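A.B. asks: Got upload.txt for you, compact mmCIF, C-alpha atoms:
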# COMPACT_ATOMS: atom_id res chain seq x y z
CA MET A 1 -24.22 -70.09 -27.19
CA SER A 2 -23.80 -67.69 -30.09
CA ALA A 3 -21.04 -65.12 -30.35
CA LYS A 4 -23.54 -62.30 -30.80
CA GLU A 5 -24.73 -62.52 -27.22
CA SER A 6 -23.12 -60.01 -24.90
CA HIS A 7 -22.98 -62.23 -21.83
CA VAL A 8 -24.43 -65.34 -20.21
CA LEU A 9 -25.34 -65.47 -16.56
CA LYS A 10 -24.68 -68.63 -14.59
CA THR A 11 -25.19 -68.88 -10.87
CA CYS A 12 -23.84 -71.29 -8.33
CA PRO A 13 -26.24 -71.83 -5.44
CA ASN A 14 -23.58 -73.72 -3.50
CA PRO A 15 -22.05 -71.33 -0.97
CA GLU A 16 -18.91 -73.40 -0.57
CA TRP A 17 -16.63 -73.79 -3.62
CA SER A 18 -17.24 -74.03 -7.36
CA ASP A 19 -14.86 -75.84 -9.67
CA GLY A 20 -15.02 -73.43 -12.63
CA GLY A 21 -17.06 -72.25 -15.57
CA ALA A 22 -17.47 -73.17 -19.22
CA ALA A 23 -18.45 -71.30 -22.35
CA THR A 24 -18.99 -73.12 -25.66
CA ASN A 25 -19.97 -72.03 -29.13
CA GLY A 26 -21.58 -75.11 -30.53
CA ALA A 27 -18.48 -77.25 -30.06
CA SER A 28 -17.07 -79.38 -27.32
CA ALA A 29 -15.28 -77.62 -24.48
CA HIS A 30 -11.61 -78.34 -23.97
CA GLY A 31 -10.08 -78.55 -20.57
CA ALA A 32 -8.42 -75.66 -18.76
CA ASP A 33 -7.21 -74.97 -15.26
CA ILE A 34 -9.91 -75.02 -12.65
CA ARG A 35 -10.54 -71.56 -11.20
CA ARG A 36 -12.37 -71.16 -7.93
CA ILE A 37 -15.11 -68.60 -7.74
CA GLY A 38 -17.26 -67.38 -4.89
CA THR A 39 -16.36 -67.04 -1.25
CA ARG A 40 -16.01 -69.94 1.12
CA PHE A 41 -17.93 -68.32 3.93
CA SER A 42 -20.31 -66.31 1.79
CA PRO A 43 -23.97 -66.98 2.68
CA ALA A 44 -25.17 -66.06 -0.82
CA PRO A 45 -24.51 -67.67 -4.19
CA CYS A 46 -21.83 -66.30 -6.49
CA THR A 47 -22.17 -64.96 -10.04
CA THR A 48 -20.19 -65.90 -13.16
CA TRP A 49 -19.95 -63.70 -16.25
CA VAL A 50 -18.77 -64.67 -19.73
CA ILE A 51 -17.86 -61.56 -21.77
CA TRP A 52 -16.87 -61.03 -25.43
CA PRO A 53 -14.75 -57.84 -25.53
CA PRO A 54 -13.81 -56.29 -28.92
CA THR A 55 -10.43 -58.05 -28.91
CA GLY A 56 -11.69 -61.54 -27.96
CA ARG A 57 -13.54 -63.57 -25.44
CA GLY A 58 -12.97 -63.29 -21.73
CA THR A 59 -14.37 -64.31 -18.39
CA TRP A 60 -14.92 -62.45 -15.17
CA TRP A 61 -15.93 -63.81 -11.80
CA SER A 62 -17.41 -61.48 -9.19
CA PRO A 63 -18.20 -62.38 -5.56
CA ILE A 64 -21.32 -60.22 -5.49
CA ARG A 65 -24.81 -61.13 -4.49
CA ASN A 66 -26.85 -62.83 -7.24
CA ILE A 67 -30.20 -61.14 -7.91
CA ALA A 68 -31.16 -63.20 -10.99
CA VAL A 69 -34.70 -64.55 -11.16
CA PRO A 70 -35.12 -68.23 -10.18
CA ASP A 71 -36.41 -69.35 -13.60
CA VAL A 72 -33.52 -67.90 -15.61
CA ALA A 73 -32.22 -70.28 -18.23
CA GLY A 74 -28.76 -71.72 -18.09
CA THR A 75 -28.33 -72.12 -14.37
CA SER A 76 -26.50 -75.14 -13.10
CA THR A 77 -24.76 -76.34 -9.99
CA TRP A 78 -21.58 -77.56 -11.67
CA THR A 79 -19.93 -76.20 -14.79
CA SER A 80 -17.38 -77.78 -17.08
CA ARG A 81 -13.93 -76.47 -17.85
CA ILE A 82 -13.43 -73.44 -20.10
CA TRP A 83 -11.21 -72.42 -22.99
CA PRO A 84 -7.82 -70.96 -22.05
CA ILE A 85 -8.66 -67.52 -23.45
CA PRO A 86 -7.39 -64.12 -22.24
CA THR A 87 -9.44 -62.18 -19.76
CA ALA A 88 -10.67 -58.63 -20.22
CA THR A 89 -8.79 -56.05 -18.15
CA ILE A 90 -9.99 -52.62 -17.02
CA ARG A 91 -7.20 -50.15 -16.46
CA ALA A 92 -7.18 -48.28 -13.17
CA GLY A 93 -5.50 -45.00 -12.32
CA TRP A 94 -3.99 -44.10 -8.97
CA TRP A 95 -4.52 -40.77 -7.31
CA ARG A 96 -2.17 -39.65 -4.56
CA TRP A 97 -3.80 -37.82 -1.68
CA ARG A 98 -2.04 -35.65 0.89
CA PHE A 99 -1.90 -38.00 3.88
CA ALA A 100 -2.99 -41.39 2.50
CA TRP A 101 -3.10 -43.59 -0.58
CA SER A 102 -6.36 -44.50 -2.27
CA SER A 103 -7.31 -45.94 -5.63
CA LYS A 104 -9.78 -44.58 -8.11
CA THR A 105 -10.85 -46.15 -11.39
CA ALA A 106 -10.12 -44.08 -14.45
CA CYS A 107 -13.21 -45.26 -16.37
CA HIS A 108 -16.81 -45.14 -15.16
CA THR A 109 -18.81 -48.34 -14.89
CA GLY A 110 -22.49 -48.49 -15.61
CA ARG A 111 -25.21 -51.08 -15.39
CA ARG A 112 -25.51 -53.03 -18.65
CA PRO A 113 -28.93 -53.64 -20.18
CA GLY A 114 -30.55 -57.02 -19.73
CA THR A 115 -30.47 -59.58 -16.97
CA CYS A 116 -27.39 -58.82 -14.91
CA GLY A 117 -26.14 -58.44 -11.40
CA GLU A 118 -25.90 -55.27 -9.34
CA THR A 119 -22.86 -53.83 -7.59
CA ILE A 120 -23.57 -53.50 -3.90
CA ALA A 121 -20.02 -52.73 -2.69
CA SER A 122 -16.79 -51.22 -4.02
CA SER A 123 -13.22 -52.15 -3.25
CA SER A 124 -12.02 -48.61 -3.96
CA PRO A 125 -12.31 -46.31 -0.93
CA SER A 126 -13.86 -42.91 -1.37
CA PRO A 127 -11.48 -39.93 -1.69
CA PRO A 128 -10.53 -38.23 1.58
CA PHE A 129 -12.04 -34.99 2.69
CA ARG A 130 -10.46 -31.83 1.28
CA THR A 131 -10.46 -30.14 4.67
CA GLY A 132 -6.99 -28.82 5.53
CA TRP A 133 -5.58 -29.04 2.02
CA LYS A 134 -5.03 -25.28 1.58
CA ARG A 135 -3.52 -22.74 3.90
CA GLY A 136 -6.73 -20.75 4.22
CA GLU A 137 -5.35 -17.72 2.42
CA LYS A 138 -8.73 -16.09 1.79
CA ARG A 139 -9.84 -16.54 5.38
CA ALA A 140 -6.48 -15.21 6.58
CA ALA A 141 -6.88 -12.05 4.49
CA ASP A 142 -10.32 -11.48 6.03
CA ARG A 143 -9.00 -11.94 9.56
CA ILE A 144 -6.20 -9.46 8.97
CA THR A 145 -8.71 -6.73 8.16
CA ARG A 146 -10.91 -7.52 11.19
CA ASP A 147 -9.39 -8.50 14.50
CA TYR A 148 -5.68 -9.04 13.85
CA LEU A 149 -4.64 -5.42 14.32
CA ASP A 150 -6.32 -5.28 17.76
CA ASP A 151 -4.23 -8.20 18.98
CA ALA A 152 -1.02 -6.94 17.35
CA LEU A 153 -1.35 -3.47 18.89
CA SER A 154 -2.32 -4.74 22.33
CA ASP A 155 1.37 -4.66 23.39
CA PHE A 156 2.60 -1.99 20.96
CA SER A 157 6.08 -0.74 21.90
CA GLY A 158 5.78 2.63 20.13
CA TYR A 159 8.73 2.03 17.78
CA ILE A 160 8.26 0.79 14.22
CA ALA A 161 10.38 -0.12 11.20
CA ALA A 162 9.15 0.53 7.66
CA ASP A 163 10.48 -0.81 4.40
CA GLU A 164 9.46 -1.68 0.84
CA LEU A 165 9.88 -5.05 -0.89
CA TYR A 166 9.87 -5.48 -4.67
CA ASP A 167 8.36 -8.71 -5.97
CA GLY A 168 8.30 -8.57 -9.76
CA PRO A 169 5.98 -5.78 -10.89
CA TYR A 170 4.57 -5.44 -7.35
CA CYS A 171 5.84 -3.55 -4.32
CA VAL A 172 4.97 -4.52 -0.74
CA LEU A 173 4.98 -1.79 1.91
CA SER A 174 5.31 -3.08 5.47
CA ILE A 175 5.33 -1.68 8.99
CA VAL A 176 6.70 -3.89 11.78
CA ASP A 177 6.91 -3.38 15.52
CA ASN A 178 10.65 -2.87 16.00
CA HIS A 179 10.65 -4.43 19.48
CA ARG A 180 8.00 -7.16 19.19
CA PHE A 181 8.96 -8.12 15.61
CA LYS A 182 5.29 -8.21 14.59
CA ARG A 183 4.10 -7.09 11.18
CA LEU A 184 1.35 -4.59 11.85
CA ILE A 185 0.00 -3.53 8.45
CA TYR A 186 1.02 -3.95 4.84
CA GLU A 187 -0.03 -2.82 1.38
CA VAL A 188 0.63 -4.30 -2.06
CA LEU A 189 1.13 -1.86 -4.95
CA ASP A 190 1.22 -2.73 -8.63
CA HIS A 191 3.76 0.03 -9.39
CA ASN A 192 6.87 1.58 -7.92
CA PRO A 193 5.97 3.54 -4.79
CA THR A 194 5.97 7.31 -4.69
CA GLU A 195 5.96 9.75 -1.80
CA GLU A 196 2.16 10.02 -2.12
CA ASP A 197 1.83 6.24 -1.73
CA ILE A 198 4.08 6.26 1.33
CA ALA A 199 2.15 9.18 2.86
CA ALA A 200 -1.21 7.42 2.33
CA PHE A 201 0.21 4.24 3.86
CA PHE A 202 1.53 6.07 6.93
CA THR A 203 -1.76 7.95 7.27
CA ARG A 204 -3.70 4.70 7.45
CA PHE A 205 -1.38 3.47 10.21
CA ARG A 206 -1.64 6.77 12.11
CA ASP A 207 -5.45 6.56 12.04
CA ALA A 208 -5.28 3.01 13.40
CA LEU A 209 -3.11 4.22 16.28
CA LYS A 210 -5.42 7.15 17.08
CA ALA A 211 -8.47 4.88 17.11
CA ARG A 212 -6.80 2.84 19.87
CA GLY A 213 -5.32 5.74 21.82
CA LEU A 214 -1.69 4.92 20.92
CA SER A 215 1.16 7.17 19.81
CA LEU A 216 4.36 6.70 17.82
CA LYS A 217 7.72 7.32 19.51
CA GLY A 218 10.21 6.54 16.74
CA ILE A 219 10.52 5.10 13.25
CA THR A 220 13.45 3.34 11.56
CA THR A 221 13.88 3.04 7.78
CA ASP A 222 16.66 2.43 5.30
CA GLY A 223 18.44 5.18 3.41
CA SER A 224 15.74 5.53 0.76
CA GLN A 225 14.67 9.08 -0.14
CA LEU A 226 10.99 8.03 -0.18
CA TYR A 227 10.54 8.29 3.60
CA PRO A 228 11.81 11.62 5.04
CA THR A 229 9.13 13.86 3.49
CA PRO A 230 6.08 11.59 4.19
CA ILE A 231 7.27 10.98 7.76
CA ALA A 232 7.50 14.72 8.40
CA GLN A 233 4.05 15.27 6.87
CA VAL A 234 2.23 12.49 8.70
CA PHE A 235 4.06 12.03 12.02
CA GLY A 236 5.56 15.48 12.47
CA ALA A 237 8.62 15.65 14.75
CA VAL A 238 8.81 11.93 15.48
CA PRO A 239 12.50 10.80 15.59
CA HIS A 240 13.50 9.24 12.27
CA GLN A 241 16.42 6.80 12.44
CA VAL A 242 18.18 5.62 9.28
CA CYS A 243 19.35 2.01 9.54
CA GLN A 244 22.92 1.87 10.81
CA PHE A 245 23.61 -1.35 8.93
CA HIS A 246 22.79 0.16 5.54
CA VAL A 247 25.01 3.21 6.14
CA ILE A 248 28.03 1.18 7.27
CA ALA A 249 27.53 -1.27 4.40
CA GLU A 250 27.75 1.57 1.87
CA ILE A 251 30.97 2.91 3.44
CA ASN A 252 32.54 -0.57 3.57
CA LYS A 253 31.62 -1.12 -0.07
CA ALA A 254 33.49 2.07 -1.01
CA VAL A 255 36.54 0.98 1.03
CA LEU A 256 36.66 -2.41 -0.71
CA LYS A 257 36.48 -0.63 -4.08
CA ALA A 258 39.51 1.46 -3.06
CA VAL A 259 41.44 -1.70 -2.15
CA ALA A 260 40.50 -3.25 -5.50
CA LYS A 261 41.76 -0.11 -7.26
CA VAL A 262 45.16 -0.49 -5.56
CA ARG A 263 45.35 -4.10 -6.70
CA ARG A 264 44.70 -3.05 -10.28
CA GLN A 265 47.43 -0.44 -10.06
CA LEU A 266 49.91 -3.02 -8.76
CA LYS A 267 48.95 -5.41 -11.52
CA ALA A 268 49.58 -2.73 -14.14
CA ALA A 269 53.06 -2.14 -12.63
CA LEU A 270 54.15 -5.75 -13.08
CA PRO A 271 57.36 -5.95 -15.18
CA LYS A 272 56.93 -7.65 -18.53
CA LEU A 273 59.19 -10.59 -19.16
CA GLY A 274 59.68 -12.79 -22.17
CA ARG A 275 58.49 -16.33 -22.46
CA GLY A 276 60.55 -19.24 -21.23
CA ARG A 277 63.14 -19.41 -18.45
CA PRO A 278 64.41 -16.02 -17.26
CA SER A 279 67.93 -15.13 -18.28
CA ALA A 280 70.68 -14.13 -15.87
CA GLY A 281 70.07 -10.44 -16.53
CA ASN A 282 66.33 -10.68 -15.78
CA ARG A 283 66.58 -12.32 -12.36
CA LYS A 284 65.99 -9.05 -10.54
CA LEU A 285 62.91 -8.35 -12.64
CA THR A 286 61.65 -11.87 -11.98
CA ALA A 287 62.08 -11.48 -8.22
CA ARG A 288 60.34 -8.10 -8.31
CA LYS A 289 57.42 -9.57 -10.26
CA LYS A 290 57.03 -12.33 -7.68
CA ARG A 291 57.00 -9.81 -4.82
CA ILE A 292 54.35 -7.67 -6.48
CA GLN A 293 52.26 -10.71 -7.37
CA GLN A 294 52.44 -11.92 -3.77
CA LYS A 295 51.33 -8.50 -2.51
CA ILE A 296 48.36 -8.56 -4.88
CA THR A 297 47.41 -12.01 -3.59
CA ASP A 298 47.71 -10.91 0.06
CA LEU A 299 45.52 -7.86 -0.52
CA PHE A 300 42.85 -10.02 -2.10
CA ASP A 301 42.91 -12.79 0.51
CA ASN A 302 42.87 -10.35 3.47
CA ARG A 303 40.60 -7.65 2.05
CA HIS A 304 38.10 -8.29 4.86
CA LEU A 305 40.59 -6.84 7.36
CA PHE A 306 39.93 -3.37 5.97
CA VAL A 307 36.24 -3.40 6.93
CA GLN A 308 36.10 -5.82 9.86
CA HIS A 309 34.84 -4.18 13.06
CA HIS A 310 37.20 -5.71 15.63
CA LEU A 311 40.71 -6.96 14.81
CA THR A 312 42.81 -9.32 16.88
CA PRO A 313 46.53 -8.58 17.45
CA THR A 314 47.43 -11.19 14.84
CA GLU A 315 45.08 -9.65 12.29
CA ARG A 316 46.55 -6.17 12.93
CA THR A 317 50.04 -7.53 12.34
CA THR A 318 48.89 -9.06 9.06
CA LEU A 319 47.29 -5.76 8.05
CA GLN A 320 50.52 -3.86 8.75
CA ARG A 321 52.48 -6.33 6.62
CA ILE A 322 50.22 -6.27 3.56
CA THR A 323 49.91 -2.44 3.58
CA ARG A 324 53.67 -1.84 3.66
CA GLY A 325 54.42 0.79 1.05
CA GLN A 326 50.69 1.71 0.69
CA PRO A 327 49.98 4.55 3.18
CA GLN A 328 46.57 5.29 1.66
CA LEU A 329 45.38 1.82 2.63
CA ARG A 330 46.41 2.33 6.24
CA THR A 331 44.55 5.65 6.20
CA LEU A 332 41.46 3.86 4.93
CA ARG A 333 41.57 1.45 7.86
CA GLN A 334 41.95 4.32 10.34
CA ILE A 335 38.91 6.07 8.82
CA VAL A 336 36.87 2.86 9.11
CA ASP A 337 37.77 2.67 12.82
CA GLU A 338 36.57 6.25 13.29
CA VAL A 339 33.29 5.46 11.53
CA TYR A 340 32.63 2.54 13.87
CA ARG A 341 33.32 4.81 16.89
CA LEU A 342 30.56 7.17 15.75
CA PHE A 343 27.91 4.57 16.61
CA ASP A 344 29.07 4.01 20.17
CA ARG A 345 26.03 4.31 22.48
CA ARG A 346 28.13 5.73 25.28
CA CYS A 347 28.01 9.16 23.59
CA ARG A 348 25.14 11.39 22.53
CA THR A 349 24.12 12.53 19.08
CA ASP A 350 25.74 15.96 19.43
CA THR A 351 29.05 14.38 20.41
CA ALA A 352 28.88 11.97 17.47
CA LEU A 353 28.11 14.82 15.06
CA GLY A 354 31.18 16.70 16.32
CA LYS A 355 33.34 13.64 15.66
CA LEU A 356 31.82 13.33 12.21
CA ALA A 357 32.69 16.92 11.36
CA LYS A 358 36.35 16.35 12.31
CA LEU A 359 36.42 13.11 10.31
CA ARG A 360 35.12 14.88 7.21
CA GLN A 361 37.83 17.53 7.51
CA ARG A 362 40.48 14.81 7.72
CA VAL A 363 39.11 13.04 4.66
CA ARG A 364 39.20 16.25 2.63
CA ARG A 365 42.96 16.54 3.24
CA PHE A 366 43.59 13.17 1.63
CA LYS A 367 42.57 13.72 -1.96
CA ALA A 368 43.22 10.11 -2.97
CA VAL A 369 40.88 8.92 -0.22
CA GLY A 370 38.34 11.73 -0.41
CA GLN A 371 37.09 10.72 -3.85
CA THR A 372 36.52 7.18 -2.59
CA LEU A 373 34.68 7.98 0.65
CA LYS A 374 32.01 10.29 -0.71
CA LYS A 375 29.46 8.43 1.45
CA LEU A 376 30.88 10.17 4.52
CA PHE A 377 29.39 13.45 3.28
CA SER A 378 25.89 12.01 2.78
CA PRO A 379 23.11 13.44 5.01
CA THR A 380 21.91 9.90 5.73
CA LEU A 381 24.97 9.40 7.93
CA GLU A 382 23.77 12.16 10.24
CA LYS A 383 20.29 10.63 10.45
CA ALA A 384 21.88 7.28 11.35
CA LEU A 385 23.06 8.82 14.66
CA VAL A 386 19.58 9.77 15.98
CA PHE A 387 19.31 6.59 18.08
CA LEU A 388 22.09 7.81 20.42
CA ASP A 389 19.65 10.15 22.21
CA ASP A 390 16.99 7.46 22.73
CA ALA A 391 18.06 4.21 24.33
CA MET A 392 14.83 2.46 23.21
CA LEU A 393 15.08 3.50 19.56
CA PRO A 394 16.54 0.57 17.54
CA ALA A 395 19.50 1.47 15.34
CA THR A 396 18.62 -0.98 12.55
CA SER A 397 15.53 -2.06 10.64
CA ASN A 398 16.24 -5.78 11.07
CA ALA A 399 12.67 -6.40 12.23
CA VAL A 400 11.14 -5.57 8.86
CA GLU A 401 14.09 -6.99 6.90
CA ARG A 402 13.55 -10.34 8.59
CA GLY A 403 9.95 -10.48 7.38
CA ASN A 404 11.03 -9.54 3.85
CA ARG A 405 13.59 -12.33 3.74
CA ARG A 406 10.99 -14.81 4.93
CA HIS A 407 8.61 -13.63 2.22
CA ARG A 408 11.23 -14.08 -0.51
CA LYS A 409 12.04 -17.56 0.73
CA MET A 410 8.36 -18.46 0.82
CA GLN A 411 7.81 -17.15 -2.71
CA LYS A 412 10.56 -19.42 -4.07
CA THR A 413 8.41 -22.49 -3.29
CA ILE A 414 5.35 -21.20 -5.20
CA TYR A 415 5.27 -22.24 -8.85
CA ARG A 416 2.31 -20.27 -10.14
CA VAL A 417 1.52 -16.91 -11.63
CA ARG A 418 1.96 -14.27 -8.95
CA THR A 419 -0.79 -11.72 -8.71
CA GLY A 420 -1.47 -8.94 -6.28
CA GLN A 421 -4.23 -10.95 -4.62
CA HIS A 422 -1.97 -13.99 -4.11
CA ILE A 423 0.76 -11.84 -2.55
CA ARG A 424 -1.73 -10.23 -0.16
CA GLN A 425 -3.06 -13.63 0.89
CA ARG A 426 0.39 -15.14 1.40
CA ILE A 427 1.47 -12.24 3.60
CA ALA A 428 -1.76 -12.58 5.59
CA VAL A 429 -0.99 -16.26 6.22
CA ASP A 430 2.51 -15.36 7.36
CA MET A 431 1.18 -12.72 9.75
CA LEU A 432 -1.25 -15.17 11.35
CA ARG A 433 1.57 -17.68 11.67
CA ASP A 434 3.62 -15.15 13.63
CA ALA A 435 0.62 -14.33 15.81
CA GLN A 436 0.29 -18.00 16.77
CA ALA A 437 4.01 -18.54 17.38
CA GLN A 438 3.78 -18.03 21.14
CA SER A 439 0.90 -20.47 21.58
CA ARG A 440 2.72 -23.05 19.46
CA LEU A 441 5.81 -22.66 21.62
CA LEU A 442 3.81 -23.15 24.81
CA THR A 443 2.12 -26.24 23.37
CA THR A 444 5.47 -27.74 22.40
CA GLN A 445 6.91 -27.09 25.86
CA MET A 446 3.91 -28.71 27.54
CA LEU A 447 4.26 -31.79 25.33
CA HIS A 448 7.95 -32.06 26.20
CA TYR A 449 7.20 -31.77 29.91
CA ALA A 450 4.46 -34.39 29.65
CA ARG A 451 6.72 -36.85 27.84
CA ALA A 452 9.54 -36.28 30.32
CA GLY A 453 7.16 -37.16 33.17
With the file now loaded, output its structure as structure tokens.
C.D. replies:
Amino acid sequence: MSAKESHVLKTCPNPEWSDGGAATNGASAHGADIRRIGTRFSPAPCTTWVIWPPTGRGTWWSPIRNIAVPDVAGTSTWTSRIWPIPTATIRAGWWRWRFAWSSKTACHTGRRPGTCGETIASSSPSPPFRTGWKRGEKRAADRITRDYLDDALSDFSGYIAADELYDGPYCVLSIVDNHRFKRLIYEVLDHNPTEEDIAAFFTRFRDALKARGLSLKGITTDGSQLYPTPIAQVFGAVPHQVCQFHVIAEINKAVLKAVAKVRRQLKAALPKLGRGRPSAGNRKLTARKKRIQQKITDLFDNRHLFVQHHLTPTERTTLQRITRGQPQLRTLRQIVDEVYRLFDRRCRTDTALGKLAKLRQRVRRFKAVGQTLKKLFSPTLEKALVFLDDAMLPATSNAVERGNRRHRKMQKTIYRVRTGQHIRQRIAVDMLRDAQAQSRLLTTQMLHYARAG
């Protein structure tokens, strides 16, 4: 057998076992380990290949059906032993699928020219179907524009919450049912919203309500100045509630800044002492410095007591101790208590507005406090008291804020370039997920009942 030949075909008609194969190049064959080829229970003969790869000779045995012609030269029943030469290896790559493991060869195999065998089976399974790989974002966006709004407005409560969400260069406008916590419509803008954009968005929602014979009873937003004018233009005299949480958060932020200012003043009043151990004449200054430093530490550790809604008797005692010698801080806490009493549902809006007027007069008398609590004179505080006349009007916009937080959390897991189309599709998937929440809950309950017997 010459080295120029690409391969030599030898067949073994015995279906049981074959001792091995031999390949010679004009010289005697030396012994090597006997390798078994073929299959013990195979009804057809096996095929032996002898291959010369570019790096050297090699052998390959394949348990495939032999289709060589009967008069091919070089066939024999028994073969002698072969040279101990390395075998040719074909690298294989592994591809990981979603729910299973499967192998796939990295290089393609083709039928070689000449007398050879034919592959009739493969040990590598075919790749799984791609059904269910994606979330169906395009289909979800189509469903949102067709039949989703009919289902979402079938049990419309009449009260909505509107808000904007900024995602990079894009802005997402959303309207959510403030009782059912369902996102009704949304719009993705590629710029910061204006009053014209808000008015067009509200007009589209108003037309959807009119087409279904529904009306709006109340709307809740945050303290943004984008909403009052469009709401008056589109919905007329519909009650507009400013989120109570946002208003109180702004006032509490101003109170904490006032407490921080007092701490800075105390720190500036610390007596300056030299380095090393204090002398006998500086003991009083050292004790005073320790007292002031301890007061600064207490104000920082218990700063939450100035803005906390309800205080226990122990917390009130602590507050009296840390504000000793600081009457403006005690006044701040009293003003915070009055602000919380404004949002008591047991009174009406007119009564709350009267209390607010008296509170503003009291704040004006305290010049040190009046500069800090400028938020009490904001017109948004008056709009935050509209819900007192309507027991069904929610005081906060938590319904739409919840959807915005879920969107931000979902966007953190997406590592790709965000475009307006992707944001629209992701929100559509989230809306369909909320629409199917009730059916999923019922299915889970039925499974639990079935397993419990």
A.B. asks: What gap, in Å, lies between atom CA of Leu184 of chain A and atom CA of Leu153 of chain A?
C.D. replies: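 Taking atom CA of Leu184 of chain A as the start and atom CA of Leu153 of chain A as the end point, the length is 7.6 Å.
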A.B. asks: Which residues come within 10 Å of segment 409-414 of chain A, counting all atoms listed in the file, excluding same-chain residues fewer than 3 positions away, as a CSV table (one decimal) with C-alpha atoms, in the coordinates of the input?
C.D. replies:
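Final file, around.csv:
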chain,number,residue,atom,x,y,z
A,167,ASP,CA,8.4,-8.7,-6.0
A,403,GLY,CA,10.0,-10.5,7.4
A,404,ASN,CA,11.0,-9.5,3.8
A,405,ARG,CA,13.6,-12.3,3.7
A,406,ARG,CA,11.0,-14.8,4.9
A,417,VAL,CA,1.5,-16.9,-11.6
A,418,ARG,CA,2.0,-14.3,-9.0
A,423,ILE,CA,0.8,-11.8,-2.6
A,426,ARG,CA,0.4,-15.1,1.4
A,427,ILE,CA,1.5,-12.2,3.6
A,430,ASP,CA,2.5,-15.4,7.4
A.B. asks: Between atom CA of Lys383 of chain A and atom CA of Val238 of chain A, what distance in Å does the model show, to one decimal?
C.D. replies: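 Going from atom CA of Lys383 of chain A over to atom CA of Val238 of chain A, I get 12.6 Å.
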A.B. asks: Skipping near chain neighbours, those fewer than 2 positions away, what residues fall within 9 Å of segment 385-402 of chain A using all atoms listed in the file, listed as a VMD selection string?
C.D. replies: chain A and resid 159 to 163 174 to 183 217 to 222 239 to 246 342 to 350 352 to 353 381 to 383 404 to 407
A.B. asks: From the set A:Ala200, A:Leu149, A:Val363, A:Val247, which residue has the shortest atom-to-atom contact distance to Ala384 of chain A, counting all atoms listed in the file?
C.D. replies: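 The closest residue to Ala384 of chain A is A:Val247.
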A.B. asks: Using atom CA of Arg364 of chain A and atom CA of Leu329 of chain A as the two end points, give the distance in Å to one decimal.
C.D. replies: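 Between atom CA of Arg364 of chain A and atom CA of Leu329 of chain A the gap is 15.7 Å.
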